[in-house]
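Below is model_34.csv, which holds CSV, C-alpha atoms and all ligand atoms.
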```
chain,number,residue,atom,x,y,z
A,1,MET,CA,0.0,0.0,0.0
A,2,ARG,CA,1.2,3.5,-0.9
A,3,HIS,CA,1.6,5.8,2.1
A,4,PRO,CA,0.0,9.2,1.5
A,5,VAL,CA,2.3,12.3,1.6
A,6,VAL,CA,1.0,15.8,2.0
A,7,MET,CA,3.6,18.5,1.5
A,8,GLY,CA,3.5,22.2,1.9
A,9,ASN,CA,5.4,24.3,-0.6
A,10,TRP,CA,5.8,27.7,1.2
A,11,LYS,CA,7.4,29.3,-1.9
A,12,LEU,CA,8.8,32.8,-1.3
A,13,ASN,CA,6.9,33.4,1.9
A,14,GLY,CA,7.9,33.7,5.5
A,15,SER,CA,9.7,35.6,8.3
A,16,LYS,CA,11.2,34.2,11.5
A,17,GLU,CA,8.0,35.1,13.3
A,18,MET,CA,5.7,33.5,10.7
A,19,VAL,CA,7.8,30.3,10.5
A,20,SER,CA,7.8,30.0,14.2
A,21,GLY,CA,4.0,30.5,14.5
A,22,LEU,CA,3.2,28.2,11.6
A,23,ILE,CA,5.4,25.3,12.7
A,24,LYS,CA,4.1,25.5,16.3
A,25,GLY,CA,0.5,25.7,15.1
A,26,LEU,CA,0.9,22.9,12.6
A,27,ASP,CA,2.6,20.6,15.0
A,28,ALA,CA,-0.2,21.1,17.6
A,29,ALA,CA,-2.9,20.7,14.9
A,30,LEU,CA,-1.4,17.4,13.8
A,31,ASN,CA,-1.2,16.0,17.2
A,32,GLY,CA,-2.5,12.4,17.1
A,33,VAL,CA,-2.9,12.3,13.3
A,34,GLU,CA,-1.5,9.0,12.0
A,35,GLY,CA,-1.3,7.4,8.5
A,36,VAL,CA,0.0,10.4,6.5
A,37,ASP,CA,3.5,11.8,6.1
A,38,VAL,CA,3.4,15.5,6.4
A,39,ALA,CA,6.2,17.6,5.0
A,40,ILE,CA,7.0,21.3,4.8
A,41,ALA,CA,9.3,23.1,2.4
A,42,PRO,CA,10.1,26.6,3.8
A,43,PRO,CA,12.5,28.9,2.1
A,44,VAL,CA,16.1,27.7,2.8
A,45,MET,CA,16.8,30.8,4.9
A,46,PHE,CA,14.5,29.3,7.5
A,47,LEU,CA,15.6,25.7,7.5
A,48,ASP,CA,17.8,26.2,10.6
A,49,LEU,CA,15.0,27.7,12.6
A,50,ALA,CA,12.5,25.1,11.3
A,51,GLN,CA,14.8,22.2,12.2
A,52,GLN,CA,15.3,23.6,15.7
A,53,LEU,CA,11.6,24.1,16.3
A,54,LEU,CA,10.7,20.6,15.0
A,55,SER,CA,13.4,18.9,17.0
A,56,LYS,CA,12.4,20.8,20.2
A,57,ALA,CA,8.8,19.7,19.7
A,58,ASP,CA,9.9,16.2,18.8
A,59,SER,CA,7.7,16.6,15.8
A,60,LYS,CA,7.0,14.0,13.1
A,61,ILE,CA,6.8,16.8,10.4
A,62,ILE,CA,9.3,16.1,7.7
A,63,LEU,CA,11.5,19.0,6.5
A,64,GLY,CA,12.0,19.7,2.9
A,65,ALA,CA,13.2,22.4,0.5
A,66,GLN,CA,12.2,23.9,-2.8
A,67,ASN,CA,15.3,23.6,-4.9
A,68,VAL,CA,18.8,22.3,-5.1
A,69,ASP,CA,21.9,22.8,-7.1
A,70,LEU,CA,23.8,20.1,-9.2
A,71,HIS,CA,27.0,20.4,-7.1
A,72,ASN,CA,28.0,19.9,-3.5
A,73,SER,CA,30.5,22.7,-3.4
A,74,GLY,CA,32.5,25.1,-5.6
A,75,ALA,CA,32.1,28.3,-7.4
A,76,PHE,CA,28.4,28.4,-7.9
A,77,THR,CA,27.2,31.7,-6.5
A,78,GLY,CA,23.8,31.7,-4.9
A,79,ASP,CA,23.3,28.0,-5.0
A,80,ILE,CA,22.4,25.4,-2.3
A,81,SER,CA,23.8,21.9,-2.2
A,82,PRO,CA,22.3,18.6,-1.2
A,83,GLU,CA,24.9,18.3,1.6
A,84,MET,CA,23.8,21.6,3.0
A,85,LEU,CA,20.2,20.6,2.9
A,86,LYS,CA,21.0,17.4,4.6
A,87,GLU,CA,22.9,19.2,7.4
A,88,PHE,CA,19.8,21.2,8.2
A,89,GLY,CA,17.6,18.1,8.2
A,90,ALA,CA,15.8,18.6,4.8
A,91,SER,CA,15.1,15.3,3.1
A,92,HIS,CA,12.2,15.9,0.6
A,93,ILE,CA,13.3,18.3,-2.1
A,94,ILE,CA,11.0,19.8,-4.7
A,95,ILE,CA,12.4,20.0,-8.2
A,96,GLY,CA,11.0,20.9,-11.5
A,97,HIS,CA,8.3,23.2,-10.1
A,98,SER,CA,6.6,25.0,-13.0
A,99,GLU,CA,7.6,28.3,-11.4
A,100,ARG,CA,11.3,27.3,-11.7
A,101,ARG,CA,10.8,25.8,-15.2
A,102,GLU,CA,9.2,29.1,-16.3
A,103,TYR,CA,11.1,31.9,-14.4
A,104,HIS,CA,14.5,30.1,-14.3
A,105,HIS,CA,14.2,28.3,-17.7
A,106,GLU,CA,14.8,24.9,-16.1
A,107,SER,CA,14.6,22.3,-18.9
A,108,ASP,CA,13.4,18.7,-18.5
A,109,ALA,CA,17.0,17.5,-18.9
A,110,PHE,CA,18.3,19.9,-16.2
A,111,VAL,CA,15.5,18.8,-13.8
A,112,ALA,CA,16.4,15.2,-14.5
A,113,GLU,CA,20.0,15.9,-13.5
A,114,LYS,CA,18.8,17.4,-10.3
A,115,PHE,CA,16.7,14.3,-9.7
A,116,ALA,CA,19.8,12.0,-10.2
A,117,PHE,CA,21.9,14.2,-7.9
A,118,LEU,CA,19.4,14.2,-5.1
A,119,LYS,CA,19.2,10.4,-5.3
A,120,GLU,CA,23.0,10.1,-5.3
A,121,ASN,CA,23.0,12.2,-2.1
A,122,GLY,CA,20.3,10.1,-0.4
A,123,LEU,CA,17.6,12.7,-0.6
A,124,THR,CA,14.0,12.3,-1.8
A,125,PRO,CA,13.1,14.1,-5.0
A,126,VAL,CA,9.6,15.5,-5.3
A,127,LEU,CA,9.4,15.8,-9.0
A,128,CYS,CA,6.8,18.3,-10.3
A,129,ILE,CA,5.3,17.7,-13.7
A,130,GLY,CA,2.2,19.3,-15.4
A,131,GLU,CA,0.9,21.0,-18.4
A,132,SER,CA,0.1,24.6,-19.2
A,133,GLU,CA,-3.5,25.8,-20.0
A,134,ALA,CA,-2.8,25.8,-23.7
A,135,GLN,CA,-1.4,22.3,-23.6
A,136,ASN,CA,-4.4,21.2,-21.6
A,137,GLU,CA,-6.8,22.7,-24.1
A,138,ALA,CA,-4.9,21.0,-26.9
A,139,GLY,CA,-5.3,17.7,-25.2
A,140,GLU,CA,-1.6,17.3,-24.6
A,141,THR,CA,-1.7,16.8,-20.9
A,142,VAL,CA,-0.6,13.2,-20.7
A,143,ALA,CA,2.0,13.6,-23.5
A,144,VAL,CA,3.6,16.6,-21.6
A,145,CYS,CA,3.7,14.7,-18.3
A,146,ALA,CA,5.1,11.6,-20.0
A,147,ARG,CA,7.8,13.7,-21.7
A,148,GLN,CA,8.8,15.3,-18.3
A,149,LEU,CA,8.9,11.9,-16.7
A,150,ASP,CA,10.8,10.3,-19.5
A,151,ALA,CA,13.7,12.8,-19.0
A,152,VAL,CA,14.3,10.9,-15.8
A,153,ILE,CA,13.3,7.4,-16.9
A,154,ASN,CA,15.3,7.4,-20.1
A,155,THR,CA,18.5,8.6,-18.4
A,156,GLN,CA,18.3,6.8,-15.1
A,157,GLY,CA,16.0,3.9,-15.6
A,158,VAL,CA,12.5,3.5,-14.3
A,159,GLU,CA,13.8,2.1,-11.0
A,160,ALA,CA,15.1,5.6,-10.2
A,161,LEU,CA,11.5,6.5,-9.4
A,162,ASN,CA,11.5,4.1,-6.5
A,163,GLY,CA,11.3,6.1,-3.3
A,164,ALA,CA,10.7,9.3,-5.2
A,165,ILE,CA,7.5,11.4,-5.2
A,166,ILE,CA,5.8,12.7,-8.3
A,167,ALA,CA,3.6,15.8,-8.0
A,168,TYR,CA,1.2,16.3,-10.8
A,169,GLU,CA,0.6,20.1,-10.9
A,170,PRO,CA,-1.4,21.5,-13.8
A,171,ILE,CA,0.1,24.9,-14.2
A,172,TRP,CA,-3.3,26.6,-14.8
A,173,ALA,CA,-4.5,25.3,-11.4
A,174,ILE,CA,-1.6,26.7,-9.4
A,175,GLY,CA,-2.6,29.7,-7.2
A,176,THR,CA,-5.6,30.3,-9.4
A,177,GLY,CA,-8.3,28.7,-7.4
A,178,LYS,CA,-9.2,26.9,-10.7
A,179,ALA,CA,-8.5,23.3,-9.4
A,180,ALA,CA,-8.8,20.3,-11.6
A,181,THR,CA,-11.9,18.2,-10.8
A,182,ALA,CA,-11.1,15.1,-8.8
A,183,ASP,CA,-12.2,13.0,-11.7
A,184,ASP,CA,-10.0,14.8,-14.2
A,185,ALA,CA,-7.0,14.6,-11.8
A,186,GLN,CA,-7.7,10.9,-11.2
A,187,ARG,CA,-7.7,10.3,-15.0
A,188,ILE,CA,-4.3,12.0,-15.4
A,189,HIS,CA,-2.8,10.3,-12.4
A,190,ALA,CA,-3.9,6.9,-13.7
A,191,ALA,CA,-2.4,7.8,-17.1
A,192,ILE,CA,0.9,8.8,-15.4
A,193,ARG,CA,0.9,5.5,-13.5
A,194,ALA,CA,0.2,3.6,-16.6
A,195,HIS,CA,3.1,5.3,-18.4
A,196,ILE,CA,5.4,4.1,-15.6
A,197,ALA,CA,3.8,0.7,-15.5
A,198,ALA,CA,4.7,0.2,-19.2
A,199,LYS,CA,8.3,0.1,-17.9
A,200,SER,CA,7.7,-1.5,-14.5
A,201,GLU,CA,4.5,-2.5,-12.9
A,202,ASP,CA,6.2,-2.7,-9.6
A,203,VAL,CA,7.6,0.8,-9.6
A,204,ALA,CA,4.2,2.2,-10.8
A,205,LYS,CA,2.4,0.4,-8.0
A,206,ASN,CA,4.6,1.9,-5.3
A,207,VAL,CA,5.4,5.4,-6.5
A,208,VAL,CA,3.5,8.2,-4.7
A,209,ILE,CA,1.8,10.6,-7.0
A,210,GLN,CA,0.6,13.8,-5.4
A,211,TYR,CA,-1.9,16.3,-6.9
A,212,GLY,CA,-1.1,20.0,-6.6
A,213,GLY,CA,-3.0,23.1,-7.7
A,214,SER,CA,-5.4,25.0,-5.5
A,215,VAL,CA,-5.8,22.2,-3.0
A,216,LYS,CA,-7.9,23.5,-0.1
A,217,PRO,CA,-9.6,21.9,3.0
A,218,GLU,CA,-12.8,22.1,1.0
A,219,ASN,CA,-11.7,20.0,-2.0
A,220,ALA,CA,-9.0,17.8,-0.5
A,221,ALA,CA,-11.2,14.8,0.5
A,222,ALA,CA,-12.5,14.5,-3.1
A,223,TYR,CA,-9.0,14.2,-4.4
A,224,PHE,CA,-7.9,11.7,-1.8
A,225,ALA,CA,-10.9,9.5,-2.4
A,226,GLN,CA,-9.4,8.8,-5.9
A,227,PRO,CA,-7.4,5.6,-6.1
A,228,ASP,CA,-4.3,7.1,-7.9
A,229,ILE,CA,-4.1,10.3,-5.9
A,230,ASP,CA,-1.7,9.6,-3.0
A,231,GLY,CA,-1.4,13.0,-1.4
A,232,ALA,CA,-1.0,16.6,-2.2
A,233,LEU,CA,1.6,19.4,-2.8
A,234,VAL,CA,0.0,22.4,-1.4
A,235,GLY,CA,0.9,26.1,-1.9
A,236,GLY,CA,-1.4,28.8,-0.5
A,237,ALA,CA,-3.3,26.7,1.9
A,238,ALA,CA,0.0,25.4,3.4
A,239,LEU,CA,0.6,28.9,4.9
A,240,ASP,CA,-2.2,28.4,7.3
A,241,ALA,CA,-1.7,25.8,10.1
A,242,GLU,CA,-5.4,24.9,10.4
A,243,SER,CA,-6.0,24.6,6.6
A,244,PHE,CA,-2.9,22.6,6.0
A,245,ALA,CA,-3.6,20.3,8.9
A,246,ALA,CA,-7.2,19.8,7.7
A,247,ILE,CA,-5.8,18.7,4.3
A,248,ALA,CA,-3.4,16.3,6.0
A,249,LYS,CA,-6.2,14.9,8.1
A,250,ALA,CA,-8.3,14.4,5.0
A,251,ALA,CA,-5.6,12.3,3.5
A,252,ALA,CA,-5.1,10.2,6.6
A,253,GLU,CA,-8.9,9.6,6.8
A,254,ALA,CA,-9.3,8.7,3.1
A,255,LYS,CA,-6.3,6.4,2.9
A,256,LYS,CA,-7.0,4.4,6.1
B,301,LIG,P1,-1.5,26.5,-4.8
B,301,LIG,O1,-1.9,25.4,-3.8
B,301,LIG,O2,-1.3,27.8,-4.1
B,301,LIG,O3,-2.3,26.4,-6.0
B,301,LIG,O4,0.0,26.1,-5.2
B,301,LIG,C1,0.3,24.8,-5.6
B,301,LIG,C2,1.7,24.6,-5.8
B,301,LIG,O5,2.3,25.2,-6.7
B,301,LIG,C3,2.5,23.7,-4.9
B,301,LIG,O6,3.7,23.4,-5.3
```

Would you mind giving the structure from this file in structure tokens?
Amino acid sequence: MRHPVVMGNWKLNGSKEMVSGLIKGLDAALNGVEGVDVAIAPPVMFLDLAQQLLSKADSKIILGAQNVDLHNSGAFTGDISPEMLKEFGASHIIIGHSERREYHHESDAFVAEKFAFLKENGLTPVLCIGESEAQNEAGETVAVCARQLDAVINTQGVEALNGAIIAYEPIWAIGTGKAATADDAQRIHAAIRAHIAAKSEDVAKNVVIQYGGSVKPENAAAYFAQPDIDGALVGGAALDAESFAAIAKAAAEAKK
């Protein structure tokens, strides 16, 4: 059985005060919640603080980050390495988010290299894939997701997906309030899983595929009721402890 994973992508949001309040609130709200892995990806500036707070509270919340470089040290101004992320307790690292693909021109091949480097360093890649509105309207959703996945599969083998997390995030649904319907998301998740199953049934059966894009407490349960939706990657609603905890609880409840 796949274990659900609900992750909060805080993007470029936060301050020491906000991080402190959010982590304390979240840890309290998740007290006693079992059956779901909950992860947060604050901006790297706050990893130290987050790690200290989580450890002081003996929290089960998993720490993550939103990006990584392709090197562990050297002359790469402004970048952050897997070793550094590990030192601050971050294990689940988001790569290939559409905002990075768009604003930082990250290609499928570049994202795939990051995927390999994370694995090499013992970290868990959270690989974001998903189509634009135009691609969606042109009926290209599955082809786009397959192409983004194949950048990893064709260079590292399908087994590289073992232990990794895939986040299907239709770009048009991110931060827009225009979420995919649960049925549509299920259809795409099933197609993504089938694409992987064509290479390995076993890997396909075990890989966690999250949905992301305007997930809120109000629509979360409908997603998690779908057989191929194994959790969520949450943006806006992850900045509120009660909302994010409610989404995590919905996953725990649905996947019992
Ligand atoms: P929203 O939940 O704000 O739509 O963001 C989704 C996202 O981009 C998570 O990575």

* Please extract the residues at most 9 Å from ligand LIG 301 (chain B), counting all atoms listed in the file, and provide them as a PyMOL selection string, using the chain letters and residue numbers of this document. => chain A and resi 7-11+66+94+97-99+128+167+169-179+211-216+232-238

* Asked: Leaving out Leu70 of chain A and any residue of its chain fewer than 3 positions from it, which residues lie within 10 Å of it when counting all atoms listed in the file, given as a PyMOL selection string?
  -> chain A and resi 73+76+79-82+110-111+113-118

* Asked: Of the residues A:Ala185, A:Ala204, A:Ile229, A:Ala160, which is the one nearest to Thr141 of chain A, using all atoms listed in the file?
  ->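 Closest to Thr141 of chain A of all the choices is A:Ala185.
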
* Hey, what's within 8 Å of Ala29 of chain A if we count all atoms listed in the file and toss same-chain stuff fewer than 4 positions away? As a ChimeraX atom specification, please? -> /A:25,241-242,245

* Of the candidates A:Ile192, A:Val6, A:Ile93, A:Leu26, which one gets nearest to Lys205 of chain A if we count only C-alpha atoms? ->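 Answer, going by the shortest atom-to-atom distance: A:Ile192.
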
* Go through A:Asp183, A:Gln226, A:Leu239, A:His195 one by one, measure the shortest atom-to-atom distance of each to Ser20 of chain A using only C-alpha atoms, and give the residue with the smallest value. => A:Leu239

* To do: Find the residues around Asn162 of chain A up to 12 Å (only C-alpha atoms counted), leave out those fewer than 3 positions away in its own chain, and share them as a ChimeraX atom specification.
  => /A:2,115,119,124-126,152-153,156-159,165-166,196,200-209

* With only C-alpha atoms as the atoms that count, which of A:Asn31, A:Asn13, A:Thr77, A:Asn136 lies nearest to Ala57 of chain A? ->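 Answer, going by the shortest atom-to-atom distance: A:Asn31.
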
* **Residue among A:Asn154, A:Ser107, A:Gln51, A:Asn67 lying closest to Glu87 of chain A, counting all atoms listed in the file** => A:Gln51

* Neighbour residues at most 12 Å from (8.2, 20.7, 17.2) (all atoms listed in the file) as a PyMOL selection string -> chain A and resi 19-31+49-63

* Distance of atom CA of Ala90 of chain A from atom CA of Leu123 of chain A, expressed in Å to one decimal place ->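 Rounded to one decimal, the two atoms are 8.2 Å apart.
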
Could you rebuild segment 106-142 of chain A with N, CA and C atoms and give it back as an mmCIF file, keeping the file's coordinate frame?
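Heads up, here's the output in part.cif:
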```cif
data_model
loop_
_atom_site.group_PDB
_atom_site.id
_atom_site.type_symbol
_atom_site.label_atom_id
_atom_site.label_comp_id
_atom_site.auth_asym_id
_atom_site.auth_seq_id
_atom_site.Cartn_x
_atom_site.Cartn_y
_atom_site.Cartn_z
ATOM 1 N N GLU A 106 14.316 26.260 -16.429
ATOM 2 C CA GLU A 106 14.800 24.900 -16.100
ATOM 3 C C GLU A 106 14.220 23.923 -17.135
ATOM 4 N N SER A 107 15.077 23.227 -17.859
ATOM 5 C CA SER A 107 14.600 22.300 -18.900
ATOM 6 C C SER A 107 14.324 20.911 -18.238
ATOM 7 N N ASP A 108 13.646 20.046 -18.990
ATOM 8 C CA ASP A 108 13.400 18.700 -18.500
ATOM 9 C C ASP A 108 14.716 17.981 -18.188
ATOM 10 N N ALA A 109 15.714 18.173 -19.066
ATOM 11 C CA ALA A 109 17.000 17.500 -18.900
ATOM 12 C C ALA A 109 17.705 17.987 -17.613
ATOM 13 N N PHE A 110 17.626 19.293 -17.368
ATOM 14 C CA PHE A 110 18.300 19.900 -16.200
ATOM 15 C C PHE A 110 17.590 19.388 -14.911
ATOM 16 N N VAL A 111 16.260 19.330 -14.949
ATOM 17 C CA VAL A 111 15.500 18.800 -13.800
ATOM 18 C C VAL A 111 15.857 17.359 -13.556
ATOM 19 N N ALA A 112 16.008 16.604 -14.630
ATOM 20 C CA ALA A 112 16.400 15.200 -14.500
ATOM 21 C C ALA A 112 17.741 15.032 -13.849
ATOM 22 N N GLU A 113 18.662 15.940 -14.181
ATOM 23 C CA GLU A 113 20.000 15.900 -13.500
ATOM 24 C C GLU A 113 19.898 16.147 -12.052
ATOM 25 N N LYS A 114 19.027 17.080 -11.693
ATOM 26 C CA LYS A 114 18.800 17.400 -10.300
ATOM 27 C C LYS A 114 18.256 16.133 -9.572
ATOM 28 N N PHE A 115 17.338 15.474 -10.251
ATOM 29 C CA PHE A 115 16.700 14.300 -9.700
ATOM 30 C C PHE A 115 17.828 13.242 -9.385
ATOM 31 N N ALA A 116 18.712 13.010 -10.355
ATOM 32 C CA ALA A 116 19.800 12.000 -10.200
ATOM 33 C C ALA A 116 20.714 12.452 -9.029
ATOM 34 N N PHE A 117 21.007 13.746 -8.942
ATOM 35 C CA PHE A 117 21.900 14.200 -7.900
ATOM 36 C C PHE A 117 21.346 14.095 -6.517
ATOM 37 N N LEU A 118 20.047 14.342 -6.416
ATOM 38 C CA LEU A 118 19.400 14.200 -5.100
ATOM 39 C C LEU A 118 19.468 12.712 -4.682
ATOM 40 N N LYS A 119 19.169 11.800 -5.612
ATOM 41 C CA LYS A 119 19.200 10.400 -5.300
ATOM 42 C C LYS A 119 20.595 9.941 -4.860
ATOM 43 N N GLU A 120 21.569 10.424 -5.621
ATOM 44 C CA GLU A 120 23.000 10.100 -5.300
ATOM 45 C C GLU A 120 23.334 10.541 -3.895
ATOM 46 N N ASN A 121 22.694 11.616 -3.447
ATOM 47 C CA ASN A 121 23.000 12.200 -2.100
ATOM 48 C C ASN A 121 22.010 11.668 -1.053
ATOM 49 N N GLY A 122 21.204 10.700 -1.412
ATOM 50 C CA GLY A 122 20.300 10.100 -0.400
ATOM 51 C C GLY A 122 19.114 10.943 -0.042
ATOM 52 N N LEU A 123 18.734 11.868 -0.906
ATOM 53 C CA LEU A 123 17.600 12.700 -0.600
ATOM 54 C C LEU A 123 16.379 12.277 -1.488
ATOM 55 N N THR A 124 15.187 12.670 -1.082
ATOM 56 C CA THR A 124 14.000 12.300 -1.800
ATOM 57 C C THR A 124 13.530 13.369 -2.765
ATOM 58 N N PRO A 125 13.600 13.102 -4.078
ATOM 59 C CA PRO A 125 13.100 14.100 -5.000
ATOM 60 C C PRO A 125 11.578 14.152 -5.026
ATOM 61 N N VAL A 126 11.039 15.353 -5.034
ATOM 62 C CA VAL A 126 9.600 15.500 -5.300
ATOM 63 C C VAL A 126 9.522 16.207 -6.624
ATOM 64 N N LEU A 127 9.303 15.378 -7.636
ATOM 65 C CA LEU A 127 9.400 15.800 -9.000
ATOM 66 C C LEU A 127 8.075 16.379 -9.527
ATOM 67 N N CYS A 128 8.043 17.681 -9.795
ATOM 68 C CA CYS A 128 6.800 18.300 -10.300
ATOM 69 C C CYS A 128 6.717 18.187 -11.801
ATOM 70 N N ILE A 129 5.545 17.801 -12.249
ATOM 71 C CA ILE A 129 5.300 17.700 -13.700
ATOM 72 C C ILE A 129 3.871 18.357 -13.899
ATOM 73 N N GLY A 130 3.577 18.727 -15.125
ATOM 74 C CA GLY A 130 2.200 19.300 -15.400
ATOM 75 C C GLY A 130 2.215 20.164 -16.591
ATOM 76 N N GLU A 131 1.029 20.339 -17.119
ATOM 77 C CA GLU A 131 0.900 21.000 -18.400
ATOM 78 C C GLU A 131 0.335 22.466 -18.213
ATOM 79 N N SER A 132 0.574 23.275 -19.226
ATOM 80 C CA SER A 132 0.100 24.600 -19.200
ATOM 81 C C SER A 132 -1.416 24.606 -19.669
ATOM 82 N N GLU A 133 -2.056 25.741 -19.569
ATOM 83 C CA GLU A 133 -3.500 25.800 -20.000
ATOM 84 C C GLU A 133 -3.621 25.510 -21.468
ATOM 85 N N ALA A 134 -2.709 26.057 -22.278
ATOM 86 C CA ALA A 134 -2.800 25.800 -23.700
ATOM 87 C C ALA A 134 -2.595 24.348 -24.053
ATOM 88 N N GLN A 135 -1.639 23.740 -23.382
ATOM 89 C CA GLN A 135 -1.400 22.300 -23.600
ATOM 90 C C GLN A 135 -2.610 21.490 -23.151
ATOM 91 N N ASN A 136 -3.222 21.934 -22.071
ATOM 92 C CA ASN A 136 -4.400 21.200 -21.600
ATOM 93 C C ASN A 136 -5.523 21.320 -22.626
ATOM 94 N N GLU A 137 -5.719 22.527 -23.148
ATOM 95 C CA GLU A 137 -6.800 22.700 -24.100
ATOM 96 C C GLU A 137 -6.524 21.964 -25.423
ATOM 97 N N ALA A 138 -5.246 21.774 -25.719
ATOM 98 C CA ALA A 138 -4.900 21.000 -26.900
ATOM 99 C C ALA A 138 -4.896 19.522 -26.717
ATOM 100 N N GLY A 139 -5.260 19.100 -25.513
ATOM 101 C CA GLY A 139 -5.300 17.700 -25.200
ATOM 102 C C GLY A 139 -3.957 17.015 -25.080
ATOM 103 N N GLU A 140 -2.958 17.835 -24.681
ATOM 104 C CA GLU A 140 -1.600 17.300 -24.600
ATOM 105 C C GLU A 140 -1.117 16.942 -23.214
ATOM 106 N N THR A 141 -2.047 16.977 -22.261
ATOM 107 C CA THR A 141 -1.700 16.800 -20.900
ATOM 108 C C THR A 141 -0.813 15.555 -20.610
ATOM 109 N N VAL A 142 -1.310 14.409 -21.037
ATOM 110 C CA VAL A 142 -0.600 13.200 -20.700
ATOM 111 C C VAL A 142 0.747 13.122 -21.457
#
```
